[in-house]
>>> print(open('work-v9.txt').read())   # compact mmCIF, C-alpha atoms
# COMPACT_ATOMS: atom_id res chain seq x y z
CA MET A 8 6.85 -1.61 -10.91
CA LYS A 9 4.91 1.45 -9.74
CA LYS A 10 1.96 0.55 -11.95
CA LEU A 11 2.05 -3.04 -10.72
CA PHE A 12 1.78 -2.10 -7.05
CA ALA A 13 -0.80 0.56 -7.86
CA ALA A 14 -2.98 -2.15 -9.38
CA LEU A 15 -2.33 -4.50 -6.48
CA ALA A 16 -3.14 -1.88 -3.87
CA ALA A 17 -6.31 -0.83 -5.63
CA SER A 18 -7.68 -4.36 -6.02
CA ALA A 19 -6.12 -6.38 -3.21
CA LEU A 20 -7.74 -4.52 -0.32
CA SER A 21 -11.14 -5.50 -1.73
CA LEU A 22 -10.33 -9.23 -1.77
CA SER A 23 -12.63 -11.44 0.21
CA CYS A 24 -10.99 -12.59 3.41
CA ALA A 25 -13.44 -15.15 4.67
CA PHE A 26 -10.44 -17.12 5.92
CA ALA A 27 -9.78 -14.50 8.58
CA GLN A 28 -13.31 -14.78 9.93
CA SER A 29 -12.48 -18.23 11.30
CA VAL A 30 -9.75 -16.78 13.54
CA PRO A 31 -11.02 -14.60 16.41
CA ALA A 32 -9.62 -11.08 16.10
CA PRO A 33 -7.68 -9.59 19.01
CA THR A 34 -9.14 -6.88 21.21
CA ILE A 35 -7.43 -3.61 20.29
CA ASP A 36 -7.71 -0.44 22.38
CA ALA A 37 -8.24 1.99 19.49
CA LYS A 38 -11.11 3.83 17.79
CA SER A 39 -10.32 2.31 14.42
CA TRP A 40 -7.77 -0.26 13.26
CA LEU A 41 -6.87 -2.60 10.42
CA LEU A 42 -4.31 -5.32 9.75
CA LEU A 43 -3.26 -5.90 6.15
CA ASP A 44 -1.12 -8.67 4.73
CA ALA A 45 0.76 -6.59 2.17
CA THR A 46 2.12 -9.70 0.45
CA SER A 47 -1.31 -11.03 -0.51
CA GLY A 48 -3.22 -7.76 -0.17
CA GLN A 49 -5.79 -9.31 2.18
CA VAL A 50 -7.24 -7.55 5.21
CA LEU A 51 -6.87 -10.04 8.06
CA ALA A 52 -8.92 -8.15 10.64
CA SER A 53 -10.30 -4.68 11.25
CA HIS A 54 -12.55 -2.54 13.41
CA GLU A 55 -14.33 0.49 11.94
CA PRO A 56 -11.88 0.56 9.01
CA ASP A 57 -14.03 3.04 7.06
CA MET A 58 -14.70 5.45 9.93
CA ARG A 59 -13.67 8.99 8.98
CA ILE A 60 -10.70 9.94 11.14
CA GLU A 61 -8.26 12.79 11.50
CA PRO A 62 -4.97 11.58 10.01
CA ALA A 63 -2.71 13.94 11.99
CA SER A 64 0.94 13.34 11.04
CA LEU A 65 0.03 10.19 9.12
CA ALA A 66 -0.74 12.66 6.31
CA LYS A 67 3.02 13.14 6.02
CA LEU A 68 3.22 9.74 4.37
CA MET A 69 1.62 11.32 1.31
CA THR A 70 3.94 14.32 1.53
CA ALA A 71 6.97 12.03 1.66
CA TYR A 72 5.57 9.90 -1.17
CA LEU A 73 5.15 12.90 -3.49
CA ALA A 74 8.59 14.24 -2.59
CA SER A 75 10.15 10.86 -3.40
CA ALA A 76 8.24 10.78 -6.69
CA ALA A 77 9.53 14.25 -7.58
CA ILE A 78 13.10 13.15 -6.87
CA LYS A 79 12.74 9.92 -8.87
CA GLU A 80 11.24 11.83 -11.81
CA LYS A 81 14.05 14.43 -11.57
CA ARG A 82 11.67 17.32 -10.93
CA LEU A 83 13.60 17.74 -7.70
CA ASP A 84 17.16 16.83 -6.74
CA ALA A 85 17.92 15.24 -3.37
CA ASN A 86 21.03 17.44 -3.02
CA GLN A 87 19.26 20.62 -4.12
CA MET A 88 19.32 23.51 -1.65
CA VAL A 89 15.97 25.24 -1.11
CA ASN A 90 15.11 28.43 0.72
CA VAL A 91 12.96 28.18 3.83
CA SER A 92 9.83 30.32 3.69
CA VAL A 93 8.44 32.25 6.64
CA ARG A 94 5.31 30.10 6.34
CA ALA A 95 7.34 26.93 6.88
CA TRP A 96 9.31 28.50 9.74
CA LYS A 97 6.19 29.82 11.46
CA VAL A 98 4.21 26.56 11.38
CA ASP A 99 2.59 25.81 14.77
CA LYS A 100 5.41 26.44 17.25
CA SER A 101 4.04 23.89 19.72
CA SER A 102 4.07 21.07 17.17
CA SER A 103 6.88 18.76 16.08
CA LYS A 104 9.60 20.49 14.03
CA MET A 105 13.07 19.88 12.60
CA PHE A 106 13.97 23.54 13.28
CA ILE A 107 14.80 24.90 9.84
CA ASP A 108 15.36 28.66 9.52
CA PRO A 109 14.66 31.23 6.75
CA ALA A 110 18.26 32.43 7.05
CA THR A 111 19.69 29.04 6.10
CA PRO A 112 18.87 27.15 2.87
CA VAL A 113 18.36 23.45 3.47
CA LYS A 114 19.02 20.38 1.37
CA VAL A 115 15.97 18.49 0.03
CA ASN A 116 17.35 15.24 1.43
CA ASP A 117 17.60 16.78 4.91
CA LEU A 118 13.98 17.89 4.64
CA LEU A 119 12.92 14.35 3.74
CA TYR A 120 14.79 12.90 6.72
CA GLY A 121 13.38 15.60 8.98
CA LEU A 122 9.87 14.85 7.75
CA ILE A 123 10.03 11.08 8.14
CA ILE A 124 12.22 10.64 11.23
CA GLN A 125 11.57 13.85 13.19
CA SER A 126 8.00 14.34 11.92
CA GLY A 127 8.79 17.98 11.20
CA ASN A 128 5.77 20.08 10.31
CA ASP A 129 8.14 22.79 9.11
CA SER A 130 9.88 20.33 6.78
CA ALA A 131 6.49 19.24 5.43
CA VAL A 132 5.68 22.80 4.34
CA ALA A 133 9.17 23.36 2.92
CA LEU A 134 8.98 20.15 0.87
CA ALA A 135 5.49 21.03 -0.35
CA GLU A 136 6.73 24.40 -1.56
CA ALA A 137 9.78 22.84 -3.19
CA VAL A 138 7.64 20.36 -5.12
CA ALA A 139 4.61 22.48 -6.05
CA GLY A 140 5.47 26.13 -5.37
CA THR A 141 2.85 26.58 -2.65
CA GLU A 142 1.35 24.36 0.03
CA ASP A 143 -2.13 24.84 -1.43
CA ALA A 144 -0.94 23.62 -4.84
CA PHE A 145 0.76 20.69 -3.13
CA ALA A 146 -2.46 19.76 -1.31
CA ALA A 147 -4.13 19.52 -4.71
CA LEU A 148 -1.39 17.08 -5.76
CA MET A 149 -1.97 15.07 -2.58
CA ASN A 150 -5.66 14.73 -3.37
CA ARG A 151 -5.00 13.82 -6.99
CA GLU A 152 -2.57 11.11 -5.91
CA ALA A 153 -5.00 9.82 -3.27
CA GLU A 154 -7.64 9.48 -5.97
CA ARG A 155 -5.22 7.61 -8.24
CA MET A 156 -4.42 5.19 -5.41
CA GLY A 157 -8.11 4.52 -4.83
CA MET A 158 -8.27 6.29 -1.46
CA LYS A 159 -11.96 7.08 -1.80
CA SER A 160 -12.55 8.53 1.68
CA THR A 161 -9.50 10.79 2.02
CA HIS A 162 -8.94 14.52 1.59
CA PHE A 163 -5.99 16.76 2.43
CA VAL A 164 -5.73 20.54 2.84
CA ASN A 165 -2.16 20.76 4.15
CA ALA A 166 1.13 18.89 3.95
CA HIS A 167 1.59 18.10 7.66
CA GLY A 168 -1.82 16.91 8.88
CA LEU A 169 -2.34 19.54 11.59
CA PRO A 170 -6.06 19.75 12.48
CA ASP A 171 -8.39 21.10 9.82
CA PRO A 172 -11.96 20.00 8.94
CA GLY A 173 -10.73 19.35 5.40
CA ASN A 174 -8.13 16.79 6.55
CA TYR A 175 -9.68 13.35 6.83
CA SER A 176 -9.05 9.72 5.94
CA THR A 177 -9.80 6.15 7.07
CA ALA A 178 -7.73 3.22 8.32
CA ARG A 179 -8.44 1.40 5.06
CA ASP A 180 -7.24 4.29 2.92
CA LEU A 181 -4.14 4.76 5.04
CA ALA A 182 -3.28 1.07 4.60
CA THR A 183 -3.44 1.65 0.84
CA LEU A 184 -1.14 4.67 1.15
CA ALA A 185 1.30 2.73 3.34
CA THR A 186 1.47 -0.06 0.76
CA HIS A 187 2.50 2.44 -1.92
CA VAL A 188 5.08 4.05 0.38
CA VAL A 189 6.72 0.67 1.01
CA TYR A 190 6.80 -0.61 -2.55
CA ASP A 191 6.81 2.33 -4.96
CA HIS A 192 9.91 4.15 -3.68
CA PRO A 193 12.20 1.52 -2.09
CA GLU A 194 15.19 3.85 -2.46
CA ASP A 195 13.65 6.18 0.16
CA TYR A 196 11.73 3.63 2.21
CA LYS A 197 14.89 2.75 4.16
CA ILE A 198 14.60 6.16 5.89
CA TYR A 199 11.56 4.95 7.84
CA SER A 200 13.66 2.52 9.87
CA ILE A 201 16.24 5.11 11.01
CA LYS A 202 15.92 5.63 14.77
CA GLU A 203 17.26 9.16 15.11
CA TYR A 204 18.40 12.14 13.07
CA THR A 205 20.32 15.31 13.81
CA TYR A 206 19.71 18.64 12.08
CA ASN A 207 20.85 22.08 13.23
CA ASN A 208 22.74 20.31 16.07
CA ILE A 209 19.42 19.03 17.42
CA LYS A 210 19.12 15.25 17.69
CA GLN A 211 15.59 13.84 17.67
CA GLN A 212 14.43 10.24 17.87
CA ASN A 213 11.95 8.52 15.62
CA ARG A 214 8.64 8.34 17.53
CA ASN A 215 7.93 4.80 16.30
CA ARG A 216 8.92 2.87 19.44
CA LEU A 217 8.51 -0.47 17.69
CA LEU A 218 11.81 0.17 15.91
CA TRP A 219 13.51 -0.45 19.27
CA LEU A 220 11.24 -3.31 20.39
CA ASP A 221 10.89 -5.49 17.29
CA PRO A 222 13.82 -6.00 14.88
CA THR A 223 11.41 -7.08 12.12
CA VAL A 224 9.68 -3.67 12.14
CA ASP A 225 11.10 -1.21 9.57
CA GLY A 226 8.48 1.58 9.51
CA LEU A 227 6.28 3.54 9.16
CA LYS A 228 4.80 6.63 10.84
CA THR A 229 3.30 7.97 14.05
CA GLY A 230 0.66 10.65 14.43
CA HIS A 231 -0.83 12.57 17.33
CA THR A 232 -3.02 15.55 18.09
CA SER A 233 -5.32 16.09 21.05
CA SER A 234 -8.32 15.52 18.78
CA ALA A 235 -6.92 12.54 16.81
CA GLY A 236 -5.39 10.69 19.75
CA TYR A 237 -2.26 8.59 19.34
CA CYS A 238 -1.94 6.84 15.97
CA LEU A 239 0.60 4.50 14.41
CA ILE A 240 1.01 2.81 11.05
CA SER A 241 3.59 0.07 11.52
CA THR A 242 4.93 -2.63 9.25
CA ALA A 243 7.09 -5.69 9.76
CA HIS A 244 8.52 -8.32 7.45
CA ARG A 245 9.37 -11.78 8.71
CA PRO A 246 10.52 -15.00 6.99
CA SER A 247 7.77 -17.10 5.39
CA GLY A 248 8.96 -20.27 3.68
CA ASN A 249 11.58 -19.31 1.09
CA SER A 250 10.73 -15.60 1.15
CA ASP A 251 9.63 -12.75 3.41
CA ARG A 252 6.09 -11.78 4.30
CA ARG A 253 5.02 -8.23 5.19
CA LEU A 254 2.15 -7.08 7.41
CA ILE A 255 0.94 -3.50 7.82
CA SER A 256 -1.07 -2.43 10.86
CA VAL A 257 -3.01 0.82 11.16
CA VAL A 258 -4.02 1.85 14.69
CA ILE A 259 -6.00 5.06 15.11
CA GLY A 260 -7.02 6.98 18.24
CA THR A 261 -5.37 5.22 21.17
CA PRO A 262 -5.09 6.98 24.56
CA SER A 263 -1.26 7.13 24.74
CA ASP A 264 2.05 6.56 22.99
CA GLN A 265 2.55 3.38 25.02
CA VAL A 266 -0.86 2.00 24.04
CA ARG A 267 -0.43 2.66 20.31
CA THR A 268 2.90 0.83 20.48
CA GLN A 269 1.67 -2.20 22.39
CA GLU A 270 -1.56 -2.52 20.35
CA SER A 271 0.34 -2.31 17.08
CA GLN A 272 2.76 -5.00 18.28
CA LYS A 273 -0.20 -7.13 19.33
CA LEU A 274 -1.78 -6.86 15.88
CA LEU A 275 1.43 -7.70 14.03
CA ASN A 276 2.18 -10.71 16.25
CA TRP A 277 -1.41 -11.97 15.91
CA GLY A 278 -1.20 -11.82 12.13
CA PHE A 279 2.13 -13.60 11.87
CA GLN A 280 1.23 -16.26 14.45
CA ASN A 281 -2.22 -17.18 13.13
CA PHE A 282 -1.86 -16.98 9.34
CA ASP A 283 0.32 -18.27 6.52
CA THR A 284 0.72 -16.61 3.13
CA VAL A 285 0.87 -19.07 0.25
CA LYS A 286 2.05 -18.38 -3.28
CA LEU A 287 -0.45 -19.84 -5.75
CA TYR A 288 0.93 -18.67 -9.08
CA ALA A 289 3.91 -16.73 -10.39
CA LYS A 290 3.64 -13.67 -12.60
CA GLY A 291 3.26 -14.77 -16.21
CA GLN A 292 2.72 -18.45 -15.29
CA ALA A 293 0.17 -20.12 -17.58
CA VAL A 294 -2.69 -21.36 -15.39
CA GLN A 295 -4.35 -22.92 -18.44
CA THR A 296 -3.99 -22.83 -22.24
CA PRO A 297 -7.58 -22.89 -23.54
CA GLN A 298 -8.71 -23.04 -27.15
CA VAL A 299 -9.26 -19.83 -29.12
CA TRP A 300 -11.72 -19.71 -32.01
CA LYS A 301 -11.27 -17.64 -35.20
CA GLY A 302 -7.75 -16.72 -34.10
CA SER A 303 -4.29 -16.49 -35.63
CA GLN A 304 -3.34 -19.26 -33.17
CA ASN A 305 -5.40 -22.07 -31.69
CA THR A 306 -4.69 -21.51 -27.99
CA VAL A 307 -3.87 -18.70 -25.56
CA LYS A 308 -1.95 -18.73 -22.30
CA ILE A 309 -3.96 -17.30 -19.40
CA GLY A 310 -2.85 -16.36 -15.89
CA PHE A 311 -1.83 -13.30 -13.87
CA THR A 312 0.26 -10.16 -14.41
CA HIS A 313 1.66 -10.40 -10.88
CA ASP A 314 2.57 -13.08 -8.36
CA VAL A 315 -0.58 -14.36 -6.67
CA TYR A 316 -0.55 -14.98 -2.92
CA VAL A 317 -3.37 -16.01 -0.60
CA THR A 318 -3.30 -15.63 3.17
CA VAL A 319 -4.93 -18.44 5.13
CA PRO A 320 -5.19 -19.55 8.77
CA LYS A 321 -2.46 -21.89 9.97
CA GLY A 322 -3.13 -25.47 8.85
CA ILE A 323 -5.53 -24.57 6.03
CA ALA A 324 -3.10 -24.30 3.10
CA ASP A 325 -3.33 -28.00 2.14
CA LYS A 326 -7.13 -27.74 1.89
CA MET A 327 -7.16 -24.95 -0.69
CA LYS A 328 -8.53 -25.76 -4.13
CA PRO A 329 -8.25 -23.21 -6.95
CA VAL A 330 -11.21 -23.36 -9.37
CA LEU A 331 -10.98 -21.55 -12.71
CA GLU A 332 -14.13 -20.27 -14.41
CA ARG A 333 -13.57 -19.16 -18.02
CA LYS A 334 -15.53 -16.98 -20.44
CA ASP A 335 -15.97 -19.68 -23.09
CA PRO A 336 -15.89 -19.79 -26.01
CA LEU A 337 -12.89 -17.48 -26.42
CA ILE A 338 -13.21 -15.81 -29.82
CA ALA A 339 -10.41 -13.74 -31.36
CA PRO A 340 -9.29 -11.08 -31.13
CA VAL A 341 -8.21 -11.71 -27.54
CA ASN A 342 -6.29 -8.72 -26.22
CA GLN A 343 -3.29 -9.21 -23.96
CA ASN A 344 -4.20 -8.51 -20.28
CA SER A 345 -7.94 -8.66 -21.01
CA LYS A 346 -10.00 -10.57 -18.47
CA VAL A 347 -10.88 -14.07 -19.65
CA GLY A 348 -12.04 -15.69 -16.43
CA THR A 349 -12.04 -15.81 -12.64
CA LEU A 350 -10.01 -17.92 -10.24
CA LYS A 351 -11.95 -18.86 -7.12
CA VAL A 352 -10.12 -20.22 -4.08
CA MET A 353 -12.26 -22.86 -2.37
CA VAL A 354 -11.90 -24.56 1.02
CA ASP A 355 -14.29 -27.38 1.94
CA GLY A 356 -16.61 -26.31 -0.86
CA LYS A 357 -16.81 -22.67 0.28
CA GLN A 358 -15.43 -19.76 -1.72
CA GLN A 359 -12.83 -17.80 0.19
CA SER A 360 -11.50 -15.35 -2.40
CA GLU A 361 -11.50 -14.68 -6.12
CA LEU A 362 -9.13 -13.07 -8.61
CA PRO A 363 -9.43 -12.03 -12.27
CA VAL A 364 -7.55 -14.17 -14.79
CA VAL A 365 -6.21 -12.46 -17.92
CA ALA A 366 -4.79 -13.36 -21.32
CA LEU A 367 -1.00 -13.40 -21.12
CA GLU A 368 -0.57 -12.91 -24.87
CA GLN A 369 -2.27 -11.26 -27.82
CA VAL A 370 -4.30 -13.40 -30.24
CA ASN A 371 -5.33 -11.64 -33.44
CA GLN A 372 -8.07 -12.71 -35.81
CA ALA A 373 -7.45 -15.47 -38.35
CA SER A 374 -7.87 -15.00 -42.08
CA ILE A 375 -11.36 -14.79 -43.54
CA PHE A 376 -11.18 -18.50 -44.40
CA GLY A 377 -10.03 -19.45 -40.91
CA ARG A 378 -12.84 -17.45 -39.34
CA ALA A 379 -15.40 -19.02 -41.67
CA TRP A 380 -14.17 -22.52 -40.89
CA ASP A 381 -14.34 -21.92 -37.12
CA SER A 382 -17.84 -20.43 -37.49
CA VAL A 383 -18.98 -23.73 -39.00
CA ARG A 384 -17.21 -25.71 -36.25
CA LEU A 385 -18.85 -23.61 -33.53
CA MET A 386 -22.29 -24.26 -34.99
CA MET A 387 -21.61 -28.00 -34.88
CA LYS A 388 -20.46 -27.98 -31.22
>>> encode(input="work-v9.txt", output="structure tokens")
Amino acid sequence: MKKLFAALAASALSLSCAFAQSVPAPTIDAKSWLLLDATSGQVLASHEPDMRIEPASLAKLMTAYLASAAIKEKRLDANQMVNVSVRAWKVDKSSSKMFIDPATPVKVNDLLYGLIIQSGNDSAVALAEAVAGTEDAFAALMNREAERMGMKSTHFVNAHGLPDPGNYSTARDLATLATHVVYDHPEDYKIYSIKEYTYNNIKQQNRNRLLWLDPTVDGLKTGHTSSAGYCLISTAHRPSGNSDRRLISVVIGTPSDQVRTQESQKLLNWGFQNFDTVKLYAKGQAVQTPQVWKGSQNTVKIGFTHDVYVTVPKGIADKMKPVLERKDPLIAPVNQNSKVGTLKVMVDGKQQSELPVVALEQVNQASIFGRAWDSVRLMMK
């Protein structure tokens, strides 16, 4: 599952979204923003999505992601007690904290809740040290994971996102990260919808105000520094036909908490109200069964290794026409999952998006006699 969504996140954000160009984008009061349909992987609208920005506490999404991965891989136990270092305790006193103390060991699970719900900078350092030994070593893991996810314009130097010239990202990269957070560790994703958490007898509320305003919102993370402005990555899932559809909005550099909330809500509503997400093909469904030459079998099933969705403006779905272009002739061996063609989605004769089509099964070479016979047949075609 993790590999599936890694592949989707890496490729889907680059899909053509000419559909969205026919729907005027909303005016958003932010330096940079992006709206992603996480179900199809298409960017519906954006403004300066590749501008280098200061991620602030949005960097904690990567910290939480790596902590969840460590727990899932049993390198860390959720109920494990860890000591609190002076470095974690002393993190910027004026910044958000969960108020851990060097005199009291703390459970890993409490640190994860304090990180996600309370946005604790102290919990970020403590988790980093629990996972990697030191925060510097953890930052190296953050950058390695960002590279694996395809976040080409991102770099981290600390676990909490407090200002540093070496901390930078983009709205596009953060949408990629958010997609992984939602889908790769569903066992921990539920924490992002919790509205408040108490640690050390101190109750703090989740700073994502959309959790109170929109029942379809179930995450993700706020961020703020004086230099970054007010930022919010939010996500909502609402019914779409027989299933749910998820949108992710990234809003960077608004002038206030209120503005980041209202602009994020505006983006999400715009996306749900103006677009539909249509399932074209199911994972493993044979789109075609073309002929294979010189093979141990005469045909091969071709299609996709994941469910294929396309997001289109309201009222356009009936006009879509999938057109398959194959690499003919197909000559064995044909390796399973190798690209054998391209599916282009057309509307009124114009290409709107395209996706690679792969072989769904392995076709080995035929015997020497079979290959010779097909060689003769190919020459006569």
>>> residues_around(input="work-v9.txt", residues="Ser92 of chain A", least_positions_apart="6", cutoff="12 Å", atoms="only C-alpha atoms", output="VMD selection string")
chain A and resid 98 107 to 113 129 to 137 140 to 142
>>> closest_residue(input="work-v9.txt", among="A:Ala185, A:Leu239, A:Met58, A:Val294", to="Gln269 of chain A", atoms="all atoms listed in the file")
A:Leu239
>>> closest_residue(input="work-v9.txt", among="A:Gln359, A:Thr284, A:Ser374, A:Thr229", to="Ala66 of chain A", atoms="only C-alpha atoms")
A:Thr229
>>> residues_around(input="work-v9.txt", residues="Pro336 of chain A", least_positions_apart="2", cutoff="9 Å", atoms="only C-alpha atoms", output="PyMOL selection string")
chain A and resi 298-300+333-334+338+385
>>> residues_around(input="work-v9.txt", residues="Asp180 of chain A", least_positions_apart="4", cutoff="7 Å", atoms="only C-alpha atoms", output="PyMOL selection string")
chain A and resi 158+160-161+176+184
>>> atom_distance(input="work-v9.txt", atom1="atom CA of Val257 of chain A", atom2="atom CA of Leu287 of chain A")
26.8 Å
>>> closest_residue(input="work-v9.txt", among="A:Asn215, A:Gln358, A:Arg59, A:Lys159", to="Pro172 of chain A", atoms="all atoms listed in the file")
A:Arg59
>>> closest_residue(input="work-v9.txt", among="A:Leu43, A:Ala95, A:Leu217, A:Ala37", to="Trp277 of chain A", atoms="all atoms listed in the file")
A:Leu43
>>> closest_residue(input="work-v9.txt", among="A:Thr46, A:Gln265, A:Thr312, A:Thr34", to="Arg245 of chain A", atoms="only C-alpha atoms")
A:Thr46
>>> closest_residue(input="work-v9.txt", among="A:Tyr237, A:Phe376, A:Tyr288, A:Tyr204", to="Thr268 of chain A", atoms="all atoms listed in the file")
A:Tyr237
>>> residues_around(input="work-v9.txt", residues="Glu61 of chain A", least_positions_apart="6", cutoff="12 Å", atoms="all atoms listed in the file", output="PyMOL selection string")
chain A and resi 38-39+160-164+167-178+181+230-238+259-260
>>> atom_distance(input="work-v9.txt", atom1="atom CA of Arg267 of chain A", atom2="atom CA of Lys228 of chain A")
11.5 Å
>>> residues_around(input="work-v9.txt", residues="Asp44 of chain A", least_positions_apart="3", cutoff="9 Å", atoms="only C-alpha atoms", output="number ranges by chain")
A: 47-51, 252-256, 278, 284, 318
>>> atom_distance(input="work-v9.txt", atom1="atom CA of Ile124 of chain A", atom2="atom CA of Glu203 of chain A")
6.5 Å
>>> build_atoms(input="work-v9.txt", residues="segment 147-158 of chain A", atoms="N, CA, C and O atoms", output="PDB file, keeping the file's coordinate frame")
ATOM      1  N   ALA A 147      -3.398  19.992  -3.531  1.00  0.00           N
ATOM      2  CA  ALA A 147      -4.130  19.520  -4.710  1.00  0.00           C
ATOM      3  C   ALA A 147      -3.467  18.279  -5.290  1.00  0.00           C
ATOM      4  O   ALA A 147      -4.140  17.332  -5.714  1.00  0.00           O
ATOM      5  N   LEU A 148      -2.119  18.265  -5.295  1.00  0.00           N
ATOM      6  CA  LEU A 148      -1.390  17.080  -5.760  1.00  0.00           C
ATOM      7  C   LEU A 148      -1.649  15.889  -4.836  1.00  0.00           C
ATOM      8  O   LEU A 148      -1.780  14.751  -5.302  1.00  0.00           O
ATOM      9  N   MET A 149      -1.702  16.141  -3.543  1.00  0.00           N
ATOM     10  CA  MET A 149      -1.970  15.070  -2.580  1.00  0.00           C
ATOM     11  C   MET A 149      -3.325  14.420  -2.861  1.00  0.00           C
ATOM     12  O   MET A 149      -3.452  13.189  -2.860  1.00  0.00           O
ATOM     13  N   ASN A 150      -4.318  15.253  -3.109  1.00  0.00           N
ATOM     14  CA  ASN A 150      -5.660  14.730  -3.370  1.00  0.00           C
ATOM     15  C   ASN A 150      -5.738  13.991  -4.699  1.00  0.00           C
ATOM     16  O   ASN A 150      -6.433  12.973  -4.822  1.00  0.00           O
ATOM     17  N   ARG A 151      -5.020  14.498  -5.688  1.00  0.00           N
ATOM     18  CA  ARG A 151      -5.000  13.820  -6.990  1.00  0.00           C
ATOM     19  C   ARG A 151      -4.348  12.448  -6.859  1.00  0.00           C
ATOM     20  O   ARG A 151      -4.826  11.464  -7.429  1.00  0.00           O
ATOM     21  N   GLU A 152      -3.259  12.380  -6.099  1.00  0.00           N
ATOM     22  CA  GLU A 152      -2.570  11.110  -5.910  1.00  0.00           C
ATOM     23  C   GLU A 152      -3.420  10.148  -5.086  1.00  0.00           C
ATOM     24  O   GLU A 152      -3.455   8.940  -5.363  1.00  0.00           O
ATOM     25  N   ALA A 153      -4.106  10.659  -4.079  1.00  0.00           N
ATOM     26  CA  ALA A 153      -5.000   9.820  -3.270  1.00  0.00           C
ATOM     27  C   ALA A 153      -6.086   9.206  -4.148  1.00  0.00           C
ATOM     28  O   ALA A 153      -6.422   8.022  -4.003  1.00  0.00           O
ATOM     29  N   GLU A 154      -6.617   9.995  -5.059  1.00  0.00           N
ATOM     30  CA  GLU A 154      -7.640   9.480  -5.970  1.00  0.00           C
ATOM     31  C   GLU A 154      -7.066   8.394  -6.874  1.00  0.00           C
ATOM     32  O   GLU A 154      -7.697   7.361  -7.105  1.00  0.00           O
ATOM     33  N   ARG A 155      -5.848   8.608  -7.382  1.00  0.00           N
ATOM     34  CA  ARG A 155      -5.220   7.610  -8.240  1.00  0.00           C
ATOM     35  C   ARG A 155      -4.994   6.300  -7.500  1.00  0.00           C
ATOM     36  O   ARG A 155      -5.149   5.206  -8.059  1.00  0.00           O
ATOM     37  N   MET A 156      -4.660   6.387  -6.210  1.00  0.00           N
ATOM     38  CA  MET A 156      -4.420   5.190  -5.410  1.00  0.00           C
ATOM     39  C   MET A 156      -5.711   4.477  -5.014  1.00  0.00           C
ATOM     40  O   MET A 156      -5.654   3.365  -4.496  1.00  0.00           O
ATOM     41  N   GLY A 157      -6.842   5.118  -5.225  1.00  0.00           N
ATOM     42  CA  GLY A 157      -8.110   4.520  -4.830  1.00  0.00           C
ATOM     43  C   GLY A 157      -8.499   4.816  -3.393  1.00  0.00           C
ATOM     44  O   GLY A 157      -9.327   4.114  -2.806  1.00  0.00           O
ATOM     45  N   MET A 158      -7.938   5.882  -2.828  1.00  0.00           N
ATOM     46  CA  MET A 158      -8.270   6.290  -1.460  1.00  0.00           C
ATOM     47  C   MET A 158      -9.562   7.127  -1.523  1.00  0.00           C
ATOM     48  O   MET A 158      -9.525   8.347  -1.575  1.00  0.00           O
TER      49      MET A 158
END
